[in-house]
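Trainee: Got a structure here, written out as structure tokens. Questions coming.
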Amino acid sequence: MRRPNGLARAAVRFRPASFAGTFVALMMSALIVTACGILLETGVRASVPPVRYADAPVVAAADQYEYVVTGSGEDREEEAVPLPDTARVDAGLAARAADAPGVAAAVPDFTFPVRAADPGTGSGSGGAGSGLRELPVAEGAFTAHGWGSHVFTGTALTAGSAPRTGEVVLDARTARAAKAVAGDTVALDTAAGRRDFRVAGVAEAGSAEGARGGAAQAPVWFSDAEAAALAGHPGRADAIAVLAKPGVGADALAAAVERALAGSGAEVRTGDDRGAVEDPGLGYAKETLFGLGGSFGGIATIVAVFTAAGTVALSVSQRAREFALLRAVGATPRQIRRAVAAEALLVAPLAGTVGCLPGVGLAYWWFGQLRDRGAIPEAVRVHVSWIPLLAAVAVGLLTALGAGWAAGRRPARIRPGQALSEASAERLRPGVVRTVLGIGALVGGTFLTGLSAGSTGDDAAGASLGVVMCFMLAVALLGPLVARLCAGLFGLPLRGAGPAGELAAANSRTNARRLASAITPIVLAMAFASTLVFMHTSESHIADEQLRAGITADHVVTDPAGLPVDAAERAARMPGVDAAVGLLNTQVLVPVGSGEFSSLQGAAAQGVTGTGAELAKVQDLDVREGSLDRLGEGRVAIDRTLADSADVGVGDRLPLHLPDGTKSAPEVVAVYGRGLGLATVTLDRASLAGHVSSGFDSTLLVRGGSGRSLAALGEVTDASGFAAERSLDAKLGAWSNNTMAGVLGGFAAIAAVNTLVMTVLDRRRELGTLRLVGSTRRQVLGMLRWESLLVSAVGVVLGSAIAAATLVPMMRGMTGESPYVPPLLYGSFVAAAGGLALLAVTLPGRAALRRWS
């Protein structure tokens, strides 16, 4: 007898096709695990080096997260949810910090947008200068700061003096472009209104300026006393920058400031933590990377392991006759098991190592695409260490060992005399354990489908994931039974397709296990790709319909820099205008669920200028309960899906967190049905204005009047044009979903092709026998083609059924509507499944038949 590792080497050498298929499956598994692991680790380690605060060793700022606590005692868990906007601290804390030992200065920092205003409409409250200058700047936008920040940003005056109340300091480039000098007057739009400001001086911006505003937005500076009021949140600062006296280290300074600010709620930051203060997008970036690397990564890893295990099991089962012969000539069960384990040790580590390199490339590409789309700050970098690479190789090795052990367990333990007879025919009865587990998964999927159908919002989406996984597990475990049933059902039409079709139908019924191994990856690809892609098409379609039906205004005015602060008032005074309502768009956080299932749900919010009656003239929210007439301070209207998720109705209080984390509990005065397309929460603008970084309206809805006269306020379009722009934004946001579908679906498609090729190459003797007994080459290839169409048809039907069982209850729970499946897109999925299956059997089939030509 050969030693077990010798058996393994011989098996690899004499059956290369089978092991090539195993290698590809394990390599793809390592690729997926590596990419998701790198994204997860990057999310954990993500940081932004300080730019604006680079010369301030200590920064005090508010916590930029809200927390949800579930469970109690040892089961207590705390989930951190990033706030939609910047949480601020009391500007008066700068005085407390300045009194701490070792502090040279403590400066409250303010960052907010302002707009270049039309000089002809200024209030004239600024000082009288030598001339009124119009400020030409990209998109009319500036990033404003308090002048006190110059001590840590390196900004220095080149002319004039520091600003006082009613004054502004201009950036040198802006001053040159406007031909403005100290003493001139400029008109600016701020959150506090439109005003004229005297130019106190001109400054050369330091390298740290504009770090948050972006290169396209030039900086301007106001006095610290005036900056907070102009920003729209008087007495509140974005952060407090603390400078040290000579010889005082950052750690000692931080400890002193922390003692001085104890009990204030401000957090003291040093090192790269200062970068997180100046770039709030880091929190959302971490959440995005956690979602991809953790949630999606977990699903992708399960799918990868699941598929690779099936391929390994197929490879082992294809050699049942060899194992039977070894048992018949005296090989012990232990030797058979050691041979299978040695095969895994020969193939899995190499496959895992080879798969790591493209996995790293996929992670870099994916990360770069997210950064290009603004989901991740520019300063964040991909972090690659040995941890995800080792995990990918280890997962592949354990998968190969586990699947090989499970597949080789029966041929190793049966009696030598029964081995050859067992291997000569396929077992018609599946194992009891496998059948019980498969039925359990089927029951579980059915139960979760019902649960999803009775849930709303995020609960429906959460239950839907379990539906996919349970049904996929059921298909894998009950594969031979499902394959035999489908072969009998789908094989009926093949009997009328001539000799090739009859051969395909007979082969499919006889070799149900082989058929099941080919069907499962196609089911997986179809189910996951359809669920991810059509979930988005459904949401986008419903949102687009709601938006087009909900915007009843004749004109929609927008501006990338935000609309003038008095845009609604100016529009209302124009001839023929019946109603003009400004909308300030942002997000709020709403607690939903209860107990262990409680969470904070982000909800799109619109702050309305004017009354609910005026809003009803330009926007039809499809009110189901209550009335918009009472909309105002302390009163909100919400979408019905949010009302169901939060379990509130008209007359109840809705607890929520405003964009900067401030808690509020307004009364619900109306429940409406078009929240997905318009906004989930509608409230008065004054309730939002002091809690956002930009106090400028996002959109102006106007009924009546002329689009030409409104053009002075911004870009004018109608409801259809506005809906098309919003649809474009939705398509860009769907990129992530489509990419996940591409990764999972592509992996499953490769697995399906790999399995079909392995199956065909393993049947070379069978195909040769058919040729020897008189079948023509054309008939044999026709049989293979019909078999591939049968496999793809069964896979598409089962995958579509799983996707439908997932999407229908989920979309009804989330939107109240049925899923929207674009026929051409679905047809392309079907064509891809059929085409790949046909290609995967035709090419190796032709190669296998060459020696019999």
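Identifiers for the structure tokens are assigned positionally: chains receive A, B, ... in sequence, residues are indexed from 1 per chain, and ligands are indexed from 1 in the order shown.
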Give me, as a list of chain:residue names, all polymer residues having an atom no more than 6 Å from His657 (chain A), counting only C-alpha atoms and skipping those fewer than 2 positions away in the same chain.
Mentor: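 With the cut-off at 6 Å, the set is A:Val588, A:Leu589, A:Gly661, A:Thr662, A:Lys663.
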Trainee: Write out as JSON, numbers by chain which residues come within 9 Å of Val743 (chain A) when counting only C-alpha atoms, dropping same-chain ones fewer than 3 positions away.
Mentor: {"A": [32, 300, 529, 738, 739, 740, 746, 747, 748]}
Trainee: If you keep N, CA and C atoms, can you produce a file of those selected residues as a JSON list (two decimals), in the first residue's frame?
Mentor:
```
[["chain", "number", "residue", "atom", "x", "y", "z"],
["A", 32, "ILE", "N", -12.59, 36.29, -1.77],
["A", 32, "ILE", "CA", -13.71, 36.97, -1.11],
["A", 32, "ILE", "C", -13.38, 37.27, 0.34],
["A", 300, "ALA", "N", -20.87, 36.97, 2.54],
["A", 300, "ALA", "CA", -20.02, 36.54, 1.44],
["A", 300, "ALA", "C", -19.13, 35.37, 1.85],
["A", 529, "ALA", "N", -28.09, 37.72, -6.32],
["A", 529, "ALA", "CA", -28.02, 38.84, -7.26],
["A", 529, "ALA", "C", -29.40, 39.48, -7.44],
["A", 738, "ASN", "N", -25.25, 47.13, -6.22],
["A", 738, "ASN", "CA", -24.94, 46.41, -7.45],
["A", 738, "ASN", "C", -23.57, 45.75, -7.39],
["A", 739, "THR", "N", -22.62, 46.43, -6.73],
["A", 739, "THR", "CA", -21.29, 45.85, -6.60],
["A", 739, "THR", "C", -21.33, 44.60, -5.74],
["A", 740, "MET", "N", -22.08, 44.66, -4.63],
["A", 740, "MET", "CA", -22.22, 43.48, -3.79],
["A", 740, "MET", "C", -22.86, 42.34, -4.56],
["A", 746, "GLY", "N", -21.11, 37.01, -9.18],
["A", 746, "GLY", "CA", -19.97, 36.60, -9.99],
["A", 746, "GLY", "C", -19.25, 35.41, -9.41],
["A", 747, "PHE", "N", -19.07, 35.43, -8.09],
["A", 747, "PHE", "CA", -18.42, 34.30, -7.43],
["A", 747, "PHE", "C", -19.25, 33.02, -7.63],
["A", 748, "ALA", "N", -20.56, 33.14, -7.41],
["A", 748, "ALA", "CA", -21.42, 31.96, -7.56],
["A", 748, "ALA", "C", -21.45, 31.49, -9.01]]
```
Trainee: Mind listing the strand (DSSP E or B) residues of region 204-360 of chain A, per DSSP on the backbone, as a list in words?
Mentor: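 Taking region 204-360 of chain A and keeping strand (DSSP E or B) gives Glu204, Ala218, Pro219, Val220, Trp221, Phe222, Arg236, Ala237, Ala239, Ile240, Ala241, Val242, Leu243, Ala244, Ala266, Glu267, Val268 and Arg269 of chain A.
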Trainee: Report, in Å with one decimal, the straight-line distance from CA of Arg371 (chain A) to CA of Val44 (chain A).
Mentor: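 One can read the CA of Arg371 (chain A) to CA of Val44 (chain A) distance as 16.5 Å.
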Trainee: Find the residue from A:Gly368, A:Pro246, A:Pro234, A:Gly355 that sits nearest to Val393 (chain A); use only C-alpha atoms when measuring.
Mentor: A:Gly355
Trainee: Which residues come within 6 Å of Gly704 (chain A), counting only C-alpha atoms, excluding same-chain residues fewer than 5 positions away, as a ChimeraX atom specification?
Mentor: /A:576-578
Trainee: Work out how far apart CA of Ala241 (chain A) and CA of Thr270 (chain A) are and give it in Å to one decimal.
Mentor: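 CA of Ala241 (chain A) sits 10.6 Å away from CA of Thr270 (chain A).
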Trainee: Quick one: of A:Gly154, A:Pro163, A:Pro101, A:Gly550, who's nearest to Glu204 (chain A), counting only C-alpha atoms?
Mentor: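 The closest residue to Glu204 (chain A) is A:Gly154.
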Trainee: Would you please work out which residue, of A:Glu258, A:Leu798, A:Ile519, A:Leu292, is nearest to Leu756 (chain A) when using only C-alpha atoms?
Mentor: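 So, comparing all the options, the nearest one is A:Ile519.
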Trainee: Extract, using only C-alpha atoms, all DNA, RNA and protein residues at most 7 Å from Phe471 (chain A), discarding same-chain residues fewer than 5 positions from it, and format them as an MDAnalysis selection string.
Mentor: chainID A and resid 441:442 445 802
Trainee: Tell me, in Å to one decimal, how far CA of Gly707 (chain A) is from CA of Arg115 (chain A).
Mentor: 22.1 Å
